[in-house]
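K.L.:
start_16.csv is the file, holding CSV, C-alpha atoms:
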```csv
chain,number,residue,atom,x,y,z
A,1,MET,CA,7.2,-45.3,-24.7
A,2,PHE,CA,5.4,-42.4,-26.4
A,3,GLU,CA,2.2,-44.4,-26.4
A,4,GLU,CA,2.4,-44.9,-22.7
A,5,LEU,CA,2.9,-41.2,-22.1
A,6,ARG,CA,0.1,-40.2,-24.5
A,7,PRO,CA,-2.8,-40.6,-22.0
A,8,HIS,CA,-0.8,-38.6,-19.4
A,9,LEU,CA,-0.1,-35.8,-21.9
A,10,ALA,CA,-3.8,-35.7,-22.8
A,11,GLU,CA,-4.8,-35.5,-19.2
A,12,LEU,CA,-2.2,-32.7,-18.6
A,13,ARG,CA,-3.5,-30.8,-21.6
A,14,LYS,CA,-7.1,-31.1,-20.2
A,15,ARG,CA,-6.0,-29.8,-16.8
A,16,LEU,CA,-4.0,-26.9,-18.2
A,17,GLY,CA,-6.9,-26.0,-20.5
A,18,LEU,CA,-9.4,-25.9,-17.6
A,19,SER,CA,-6.9,-23.8,-15.6
A,20,VAL,CA,-6.5,-21.3,-18.4
A,21,LEU,CA,-10.2,-21.1,-18.9
A,22,SER,CA,-10.7,-20.4,-15.2
A,23,VAL,CA,-8.2,-17.6,-15.3
A,24,PHE,CA,-10.0,-16.1,-18.4
A,25,ILE,CA,-13.3,-16.2,-16.7
A,26,ALA,CA,-11.9,-14.6,-13.6
A,27,PHE,CA,-10.2,-12.0,-15.8
A,28,ILE,CA,-13.6,-10.9,-17.2
A,29,VAL,CA,-14.9,-10.5,-13.6
A,30,THR,CA,-11.9,-8.6,-12.3
A,31,PHE,CA,-11.6,-6.3,-15.3
A,32,THR,CA,-14.9,-4.7,-14.3
A,33,PHE,CA,-13.3,-3.8,-11.0
A,34,HIS,CA,-9.9,-2.7,-12.3
A,35,ASN,CA,-10.1,0.8,-10.8
A,36,ALA,CA,-10.6,-0.6,-7.3
A,37,ILE,CA,-7.9,-3.2,-7.8
A,38,LEU,CA,-5.5,-0.5,-9.1
A,39,THR,CA,-6.2,1.7,-6.1
A,40,TRP,CA,-5.4,-1.3,-3.8
A,41,ILE,CA,-2.2,-2.0,-5.7
A,42,THR,CA,-1.0,1.6,-5.7
A,43,GLN,CA,-1.9,2.3,-2.1
A,44,PRO,CA,1.5,1.2,-0.7
A,45,LEU,CA,3.3,3.5,-3.1
A,46,ASN,CA,1.0,6.4,-2.3
A,47,ASP,CA,1.5,5.9,1.4
A,48,ALA,CA,5.3,5.8,0.9
A,49,LEU,CA,5.2,9.0,-1.2
A,50,THR,CA,3.1,10.7,1.4
A,51,GLN,CA,5.3,9.6,4.3
A,52,VAL,CA,8.5,10.6,2.5
A,53,GLY,CA,6.9,14.0,1.5
A,54,ARG,CA,6.2,14.7,5.2
A,55,ILE,CA,9.8,13.8,6.2
A,56,ILE,CA,11.3,16.0,3.5
A,57,GLU,CA,8.9,18.9,4.2
A,58,SER,CA,9.6,18.7,7.9
A,59,GLN,CA,13.4,18.8,7.3
A,60,SER,CA,12.9,21.6,4.7
A,61,LYS,CA,11.0,23.7,7.3
A,62,THR,CA,13.7,23.1,9.8
A,63,THR,CA,16.4,24.1,7.4
A,64,TRP,CA,14.5,27.2,6.4
A,65,LYS,CA,14.1,28.3,10.0
A,66,MET,CA,17.8,27.8,10.6
A,67,LYS,CA,18.7,29.8,7.6
A,68,GLN,CA,16.2,32.5,8.5
A,69,GLN,CA,17.6,32.7,12.0
A,70,GLU,CA,21.1,33.2,10.5
A,71,THR,CA,19.7,35.8,8.1
A,72,ASN,CA,17.8,37.7,10.9
A,73,GLN,CA,21.1,38.2,12.7
A,74,THR,CA,22.4,40.0,9.7
A,75,VAL,CA,19.2,41.6,8.6
A,76,LYS,CA,18.4,43.3,11.9
A,77,LEU,CA,21.2,45.8,11.3
A,78,PRO,CA,20.1,46.7,7.8
A,79,SER,CA,16.6,47.1,9.0
A,80,LYS,CA,17.6,49.6,11.7
A,81,THR,CA,20.0,51.3,9.4
A,82,ALA,CA,17.3,51.8,6.8
A,83,GLN,CA,14.9,53.3,9.4
A,84,LYS,CA,17.7,55.6,10.6
A,85,LEU,CA,18.5,56.6,7.0
A,86,SER,CA,14.9,57.3,6.3
A,87,LYS,CA,14.7,59.6,9.3
A,88,GLN,CA,17.8,61.5,8.3
A,89,LEU,CA,16.7,61.8,4.7
A,90,ASP,CA,13.3,63.2,5.9
A,91,GLU,CA,15.1,65.8,8.0
A,92,ALA,CA,17.3,66.8,5.1
A,93,SER,CA,14.4,67.0,2.7
A,94,HIS,CA,12.6,69.4,5.0
A,95,GLU,CA,15.7,71.6,5.3
A,96,ALA,CA,16.5,71.7,1.6
A,97,LYS,CA,14.4,73.9,-0.7
A,98,SER,CA,15.8,72.9,-4.1
A,99,ARG,CA,15.7,70.0,-6.6
A,100,LEU,CA,18.0,68.1,-4.2
A,101,ALA,CA,15.1,68.0,-1.7
A,102,LEU,CA,12.9,66.1,-4.1
A,103,LEU,CA,15.6,63.5,-4.8
A,104,LEU,CA,16.2,63.1,-1.1
A,105,HIS,CA,12.5,62.6,-0.5
A,106,ASP,CA,12.3,59.8,-3.1
A,107,ALA,CA,15.3,58.2,-1.4
A,108,ALA,CA,13.5,58.3,1.9
A,109,LYS,CA,10.5,56.6,0.4
A,110,SER,CA,12.6,53.8,-1.0
A,111,ALA,CA,14.2,53.3,2.4
A,112,ASN,CA,10.8,53.0,4.0
A,113,GLU,CA,9.8,50.4,1.5
A,114,LEU,CA,13.0,48.5,2.2
A,115,ALA,CA,12.3,48.5,5.9
A,116,VAL,CA,8.7,47.2,5.3
A,117,MET,CA,10.0,44.4,3.2
A,118,LEU,CA,12.6,43.4,5.8
A,119,ARG,CA,9.9,43.4,8.5
A,120,ASP,CA,7.7,41.1,6.3
A,121,MET,CA,10.6,38.7,5.9
A,122,GLU,CA,11.1,38.6,9.7
A,123,ASN,CA,7.3,37.9,10.2
A,124,ASN,CA,7.3,35.1,7.7
A,125,SER,CA,10.3,33.4,9.4
A,126,SER,CA,8.7,33.7,12.8
A,127,ASN,CA,5.6,32.0,11.6
A,128,GLY,CA,7.6,29.1,10.3
A,129,LEU,CA,6.4,29.4,6.7
A,130,SER,CA,8.4,27.4,4.1
A,131,PRO,CA,9.2,29.3,0.9
A,132,HIS,CA,8.6,26.2,-1.3
A,133,ASN,CA,8.0,22.5,-1.2
A,134,THR,CA,11.0,20.5,-2.3
A,135,PHE,CA,9.0,17.2,-2.8
A,136,ASN,CA,6.4,16.5,-5.4
A,137,GLY,CA,6.5,12.8,-6.1
A,138,GLN,CA,3.9,11.5,-8.6
A,139,ILE,CA,2.7,8.4,-10.3
A,140,THR,CA,2.9,8.9,-14.1
A,141,THR,CA,2.5,7.1,-17.4
A,142,HIS,CA,4.7,7.5,-20.4
A,143,GLN,CA,2.6,5.7,-23.0
A,144,VAL,CA,-0.6,6.7,-24.9
A,145,GLY,CA,-2.4,3.5,-23.9
A,146,GLY,CA,-0.6,3.2,-20.6
A,147,ALA,CA,-3.7,3.3,-18.4
A,148,PHE,CA,-5.4,0.6,-20.5
A,149,PHE,CA,-2.5,-1.8,-20.5
A,150,VAL,CA,-2.1,-1.3,-16.7
A,151,ALA,CA,-5.8,-2.1,-16.3
A,152,LEU,CA,-5.2,-5.4,-18.2
A,153,LYS,CA,-2.1,-6.2,-16.1
A,154,VAL,CA,-3.8,-5.7,-12.7
A,155,SER,CA,-6.9,-7.5,-13.9
A,156,PHE,CA,-4.9,-10.5,-14.9
A,157,PHE,CA,-3.0,-10.5,-11.6
A,158,ALA,CA,-6.3,-10.4,-9.6
A,159,ALA,CA,-7.7,-13.1,-11.9
A,160,LEU,CA,-4.7,-15.4,-11.2
A,161,LEU,CA,-5.3,-14.9,-7.4
A,162,LEU,CA,-9.0,-15.6,-7.8
A,163,ALA,CA,-8.5,-18.7,-9.9
A,164,MET,CA,-5.7,-20.1,-7.7
A,165,PRO,CA,-7.9,-22.6,-5.7
A,166,PHE,CA,-9.3,-24.0,-9.0
A,167,ILE,CA,-5.7,-24.3,-10.5
A,168,LEU,CA,-4.5,-26.2,-7.4
A,169,TRP,CA,-7.6,-28.5,-7.7
A,170,GLN,CA,-6.7,-29.3,-11.3
A,171,LEU,CA,-3.1,-30.0,-10.3
A,172,TRP,CA,-4.3,-32.4,-7.7
A,173,LEU,CA,-6.6,-34.2,-10.1
A,174,PHE,CA,-3.7,-34.6,-12.5
A,175,VAL,CA,-1.6,-36.5,-9.9
A,176,ALA,CA,-4.4,-38.2,-8.0
A,177,PRO,CA,-4.6,-41.3,-10.3
A,178,GLY,CA,-1.1,-42.2,-9.1
A,179,LEU,CA,-2.1,-42.1,-5.4
A,180,TYR,CA,-3.7,-44.6,-3.0
A,181,SER,CA,-7.3,-44.2,-1.9
A,182,HIS,CA,-6.3,-42.9,1.5
A,183,GLU,CA,-3.9,-40.4,-0.1
A,184,LYS,CA,-6.7,-39.1,-2.4
A,185,LYS,CA,-8.6,-38.0,0.7
A,186,MET,CA,-6.0,-35.2,1.2
A,187,VAL,CA,-7.2,-33.2,-1.8
A,188,LEU,CA,-9.1,-30.7,0.3
A,189,PRO,CA,-6.2,-30.0,2.7
A,190,PHE,CA,-3.9,-29.6,-0.3
A,191,VAL,CA,-6.2,-27.1,-2.2
A,192,ILE,CA,-7.4,-25.2,0.9
A,193,GLY,CA,-3.9,-25.2,2.5
A,194,GLY,CA,-2.2,-24.1,-0.8
A,195,SER,CA,-4.7,-21.3,-1.3
A,196,ILE,CA,-4.4,-20.0,2.3
A,197,MET,CA,-0.6,-20.1,2.2
A,198,PHE,CA,-0.5,-18.3,-1.1
A,199,LEU,CA,-2.9,-15.6,0.3
A,200,ILE,CA,-0.7,-15.3,3.4
A,201,GLY,CA,2.4,-14.8,1.3
A,202,VAL,CA,0.6,-12.0,-0.7
A,203,LEU,CA,-0.7,-10.3,2.4
A,204,PHE,CA,2.7,-10.5,4.1
A,205,ALA,CA,4.4,-8.9,1.1
A,206,TYR,CA,1.7,-6.2,0.8
A,207,TYR,CA,1.4,-5.1,4.5
A,208,ILE,CA,5.0,-5.7,5.7
A,209,VAL,CA,7.5,-5.9,2.9
A,210,THR,CA,6.4,-3.2,0.5
A,211,PRO,CA,5.9,-0.4,3.0
A,212,PHE,CA,9.5,-0.7,4.2
A,213,GLY,CA,11.0,-1.3,0.8
A,214,PHE,CA,9.2,1.5,-1.1
A,215,GLN,CA,9.8,4.1,1.7
A,216,PHE,CA,13.5,3.3,1.7
A,217,LEU,CA,13.9,3.4,-2.0
A,218,ILE,CA,11.9,6.6,-2.4
A,219,THR,CA,13.6,8.4,0.5
A,220,PHE,CA,17.1,7.6,-0.9
A,221,GLY,CA,18.0,10.5,-3.2
A,222,SER,CA,14.7,12.3,-2.8
A,223,PHE,CA,16.5,15.5,-1.6
A,224,LEU,CA,18.2,15.7,-5.0
A,225,TYR,CA,15.6,14.2,-7.4
A,226,THR,CA,11.9,14.3,-7.7
A,227,PRO,CA,10.5,10.7,-8.0
A,228,LEU,CA,8.2,10.3,-11.0
A,229,ILE,CA,7.1,6.7,-10.8
A,230,ASN,CA,6.1,5.0,-14.0
A,231,ILE,CA,2.9,3.1,-13.4
A,232,GLU,CA,3.7,0.4,-15.9
A,233,ASP,CA,7.0,-0.4,-14.3
A,234,TYR,CA,5.5,-0.2,-10.8
A,235,VAL,CA,2.7,-2.7,-11.6
A,236,GLY,CA,5.2,-5.2,-13.0
A,237,PHE,CA,7.5,-4.7,-10.0
A,238,PHE,CA,4.6,-5.1,-7.6
A,239,THR,CA,3.1,-8.2,-9.2
A,240,LYS,CA,6.6,-9.8,-9.2
A,241,ILE,CA,6.9,-9.3,-5.5
A,242,MET,CA,3.4,-10.5,-4.7
A,243,LEU,CA,3.7,-13.6,-6.8
A,244,GLY,CA,7.2,-14.3,-5.5
A,245,PHE,CA,6.0,-14.2,-1.9
A,246,GLY,CA,2.9,-16.2,-2.7
A,247,ILE,CA,4.8,-19.0,-4.4
A,248,ALA,CA,7.5,-19.0,-1.7
A,249,PHE,CA,4.9,-19.5,1.1
A,250,GLU,CA,3.7,-22.6,-0.7
A,251,LEU,CA,6.9,-24.4,0.4
A,252,PRO,CA,5.3,-26.3,3.3
A,253,VAL,CA,2.4,-27.4,1.0
A,254,PHE,CA,4.7,-28.8,-1.7
A,255,ALA,CA,7.0,-30.4,0.9
A,256,TYR,CA,3.9,-32.2,2.3
A,257,PHE,CA,2.9,-33.3,-1.2
A,258,LEU,CA,6.4,-34.6,-2.0
A,259,ALA,CA,6.6,-36.4,1.3
A,260,LEU,CA,3.2,-38.0,0.6
A,261,LEU,CA,4.6,-39.4,-2.6
A,262,GLY,CA,7.6,-40.7,-0.8
A,263,LEU,CA,10.0,-38.5,-2.8
A,264,VAL,CA,11.6,-36.7,0.2
A,265,THR,CA,12.2,-37.4,3.8
A,266,ASP,CA,13.0,-35.2,6.8
A,267,ARG,CA,16.7,-36.3,6.5
A,268,THR,CA,16.7,-35.2,2.8
A,269,LEU,CA,15.6,-31.7,3.8
A,270,LYS,CA,18.0,-31.5,6.7
A,271,ASP,CA,21.0,-32.5,4.5
A,272,PHE,CA,19.9,-30.0,1.9
A,273,PHE,CA,19.5,-27.1,4.5
A,274,LYS,CA,22.9,-25.5,3.9
A,275,TYR,CA,22.2,-25.3,0.2
A,276,ALA,CA,18.7,-24.1,0.8
A,277,ILE,CA,20.0,-21.1,2.7
A,278,VAL,CA,22.0,-20.0,-0.3
A,279,ILE,CA,19.1,-20.5,-2.7
A,280,ILE,CA,16.7,-18.7,-0.4
A,281,PHE,CA,18.9,-15.6,-0.3
A,282,LEU,CA,19.4,-15.7,-4.0
A,283,ILE,CA,15.7,-15.9,-4.6
A,284,ALA,CA,15.1,-13.0,-2.1
A,285,ALA,CA,17.7,-10.9,-4.0
A,286,LEU,CA,16.0,-11.5,-7.3
A,287,LEU,CA,12.4,-11.0,-6.2
A,288,THR,CA,12.7,-8.0,-3.9
A,289,PRO,CA,14.0,-4.4,-4.2
A,290,PRO,CA,17.8,-4.0,-4.0
A,291,ASP,CA,18.0,-3.2,-0.3
A,292,VAL,CA,19.1,-5.5,2.6
A,293,LEU,CA,16.0,-4.9,4.8
A,294,THR,CA,13.5,-6.1,2.2
A,295,GLN,CA,15.6,-9.1,1.3
A,296,LEU,CA,15.8,-10.1,4.9
A,297,LEU,CA,12.0,-9.7,5.2
A,298,MET,CA,11.6,-12.3,2.5
A,299,ALA,CA,14.6,-14.6,3.4
A,300,ALA,CA,13.7,-14.9,7.1
A,301,PRO,CA,10.1,-16.2,6.6
A,302,LEU,CA,11.4,-18.6,3.9
A,303,VAL,CA,14.0,-20.1,6.4
A,304,ILE,CA,11.2,-20.4,9.0
A,305,LEU,CA,9.0,-22.1,6.4
A,306,TYR,CA,11.8,-24.5,5.5
A,307,GLY,CA,12.0,-25.5,9.1
A,308,VAL,CA,8.2,-26.0,9.3
A,309,SER,CA,8.5,-28.1,6.1
A,310,ILE,CA,11.0,-30.4,7.8
A,311,LEU,CA,8.6,-30.9,10.7
A,312,ILE,CA,5.7,-31.7,8.3
A,313,VAL,CA,7.8,-34.1,6.3
A,314,ALA,CA,9.0,-35.8,9.5
A,315,ALA,CA,5.4,-36.4,10.4
A,316,VAL,CA,4.3,-37.7,7.0
A,317,ASN,CA,7.4,-39.5,5.7
A,318,PRO,CA,10.2,-39.8,8.3
A,319,GLU,CA,13.6,-41.2,7.6
A,320,LYS,CA,13.5,-44.9,8.5
A,321,PRO,CA,16.5,-46.6,10.2
A,322,GLU,CA,18.6,-48.9,8.0
A,323,GLU,CA,17.5,-52.0,10.0
A,324,ASP,CA,13.8,-51.3,9.3
A,325,GLU,CA,14.7,-50.9,5.6
A,326,GLU,CA,16.5,-54.2,5.6
A,327,GLU,CA,13.6,-55.9,7.2
A,328,GLU,CA,11.2,-54.5,4.7
A,329,GLU,CA,13.4,-55.7,1.9
A,330,ARG,CA,13.5,-59.2,3.4
A,331,ASP,CA,9.7,-59.2,3.7
A,332,SER,CA,9.3,-58.1,0.1
A,333,ASP,CA,11.8,-60.7,-1.1
A,334,ALA,CA,10.0,-63.4,0.9
A,335,SER,CA,6.6,-62.4,-0.4
A,336,GLN,CA,8.0,-62.5,-4.0
A,337,LYS,CA,9.4,-66.0,-3.5
A,338,ALA,CA,6.2,-67.2,-2.0
```
Now that the file is in, can you turn its structure into structure tokens?
P.N.:
Amino acid sequence: MFEELRPHLAELRKRLGLSVLSVFIAFIVTFTFHNAILTWITQPLNDALTQVGRIIESQSKTTWKMKQQETNQTVKLPSKTAQKLSKQLDEASHEAKSRLALLLHDAAKSANELAVMLRDMENNSSNGLSPHNTFNGQITTHQVGGAFFVALKVSFFAALLLAMPFILWQLWLFVAPGLYSHEKKMVLPFVIGGSIMFLIGVLFAYYIVTPFGFQFLITFGSFLYTPLINIEDYVGFFTKIMLGFGIAFELPVFAYFLALLGLVTDRTLKDFFKYAIVIIFLIAALLTPPDVLTQLLMAAPLVILYGVSILIVAAVNPEKPEEDEEEEERDSDASQKA
């Protein structure tokens, strides 16, 4: 048995070796552009930090104005009282001709300074100036070589995306010997379709899922804590989401491939649908941030793609009625006897 599997294992080793080599070559290319790639990767996080900062700053200014309005109602009386006290002290200082007159004059000067300070506070509140900024979210690194290892990670991620068409081509070459000649003609749709669906999954996660997810997670608790995002953790989290969505969007392609091999039918997918819903939501919970909105943004497209897969399989390998199967069995038996 092992002798029969040896040629297949050798072929598998060859295809895996070429796939790894393609990723390595793509890595060399992408590493030279790691700064631009890292900027692209961190853009959703920077946008989320900026948006949350505007929200918090706006609310902080509103709160400051409300507090200043309440303070002004209590400050107006001390301001007038200080001016009145200054006037009375000035009058007393002119009437007195002793040491007490000098003390009263100093007191009047202090009262004038207090009145000026209160007027400045009133002017600042009327101009809507915020005393401080309560939000200062930043992207940081906690390791000496953190920037270098992050550059390696993002370069490898980009290399994997760049080499994806070639990897799919090698996968097809591995299974092609077991297919008929008319089935081998589907290599281009498989490679091109798989690459396009993977790219669509990545772009969907980048432009739709991550903005909502990051903004929600950063906003939650930002009034109490300053978010200092570790770039190493963020890159790992980001790549997991991108790869998860990219692989998930390959569902119609793999369904077509399995139907082409006769391994699944549309009835198989329909019967498995209730279990697929549970698996889809479990995958969405594992690959996305821990909030309901982001999980739904991944689960909903997967459910739709599962429905599209059923239609594709129904066109490629539909479920045959039992009568047709019995006729095929009779024909095959008759041909064997003949």
K.L.:
Would you kindly return, as a PDB file with C-alpha atoms, in the frame of the given file, each protein, DNA or RNA residue with an atom no farther than 7 Å from any atom of stretch 180-196 of chain A, considering all atoms listed in the file and excluding same-chain residues fewer than 5 positions away?
P.N.:
```pdb
ATOM      1  CA  MET A 164      -5.700 -20.100  -7.700  1.00  0.00           C
ATOM      2  CA  PRO A 165      -7.900 -22.600  -5.700  1.00  0.00           C
ATOM      3  CA  LEU A 168      -4.500 -26.200  -7.400  1.00  0.00           C
ATOM      4  CA  TRP A 169      -7.600 -28.500  -7.700  1.00  0.00           C
ATOM      5  CA  TRP A 172      -4.300 -32.400  -7.700  1.00  0.00           C
ATOM      6  CA  GLU A 250       3.700 -22.600  -0.700  1.00  0.00           C
ATOM      7  CA  VAL A 253       2.400 -27.400   1.000  1.00  0.00           C
TER       8      VAL A 253
END
```
K.L.:
Grab the atom CA of A:Lys14 to atom CA of A:Ile167 distance for me, in Å with one decimal place.
P.N.:
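Atom CA of A:Lys14 sits 11.9 Å away from atom CA of A:Ile167.
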K.L.:
Using only C-alpha atoms, which of the listed residues (A:Gln215, A:Ala163, A:Ile247, A:Pro44) sits closest to A:Val29?
P.N.:
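Among A:Gln215, A:Ala163, A:Ile247, A:Pro44, it is A:Ala163 that comes nearest to A:Val29.
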K.L.:
Would you mind reading off the distance between atom CA of A:Leu260 and atom CA of A:Asn317, one decimal, in Å?
P.N.:
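For atom CA of A:Leu260 relative to atom CA of A:Asn317, the distance reads 6.8 Å.
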K.L.:
Which is closest to A:Ile28 among A:Ala158, A:Leu5, A:Val278, A:Ile55, if we use only C-alpha atoms?
P.N.:
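So, comparing all the options, the nearest one is A:Ala158.
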K.L.:
Within 7 Å of A:Gln295, counting only C-alpha atoms, which residues qualify if same-chain residues fewer than 5 places away don't, as a list in words?
P.N.:
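The neighbour list is Ala284, Ala285 and Thr288 of chain A.
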K.L.:
Near A:Leu305, counting only C-alpha atoms, which residues have an atom at most 8 Å away, once you skip same-chain residues fewer than 2 positions from it, shown as a CSV table (one decimal) with C-alpha atoms, in the coordinates of the input?
P.N.:
```csv
chain,number,residue,atom,x,y,z
A,249,PHE,CA,4.9,-19.5,1.1
A,251,LEU,CA,6.9,-24.4,0.4
A,252,PRO,CA,5.3,-26.3,3.3
A,301,PRO,CA,10.1,-16.2,6.6
A,302,LEU,CA,11.4,-18.6,3.9
A,303,VAL,CA,14.0,-20.1,6.4
A,307,GLY,CA,12.0,-25.5,9.1
A,308,VAL,CA,8.2,-26.0,9.3
A,309,SER,CA,8.5,-28.1,6.1
```
K.L.:
Residues near A:Phe238, anyone? I mean within 8 Å using all atoms listed in the file, not counting same-chain ones fewer than 4 positions away, as a ChimeraX atom specification.
P.N.:
/A:41,234,242
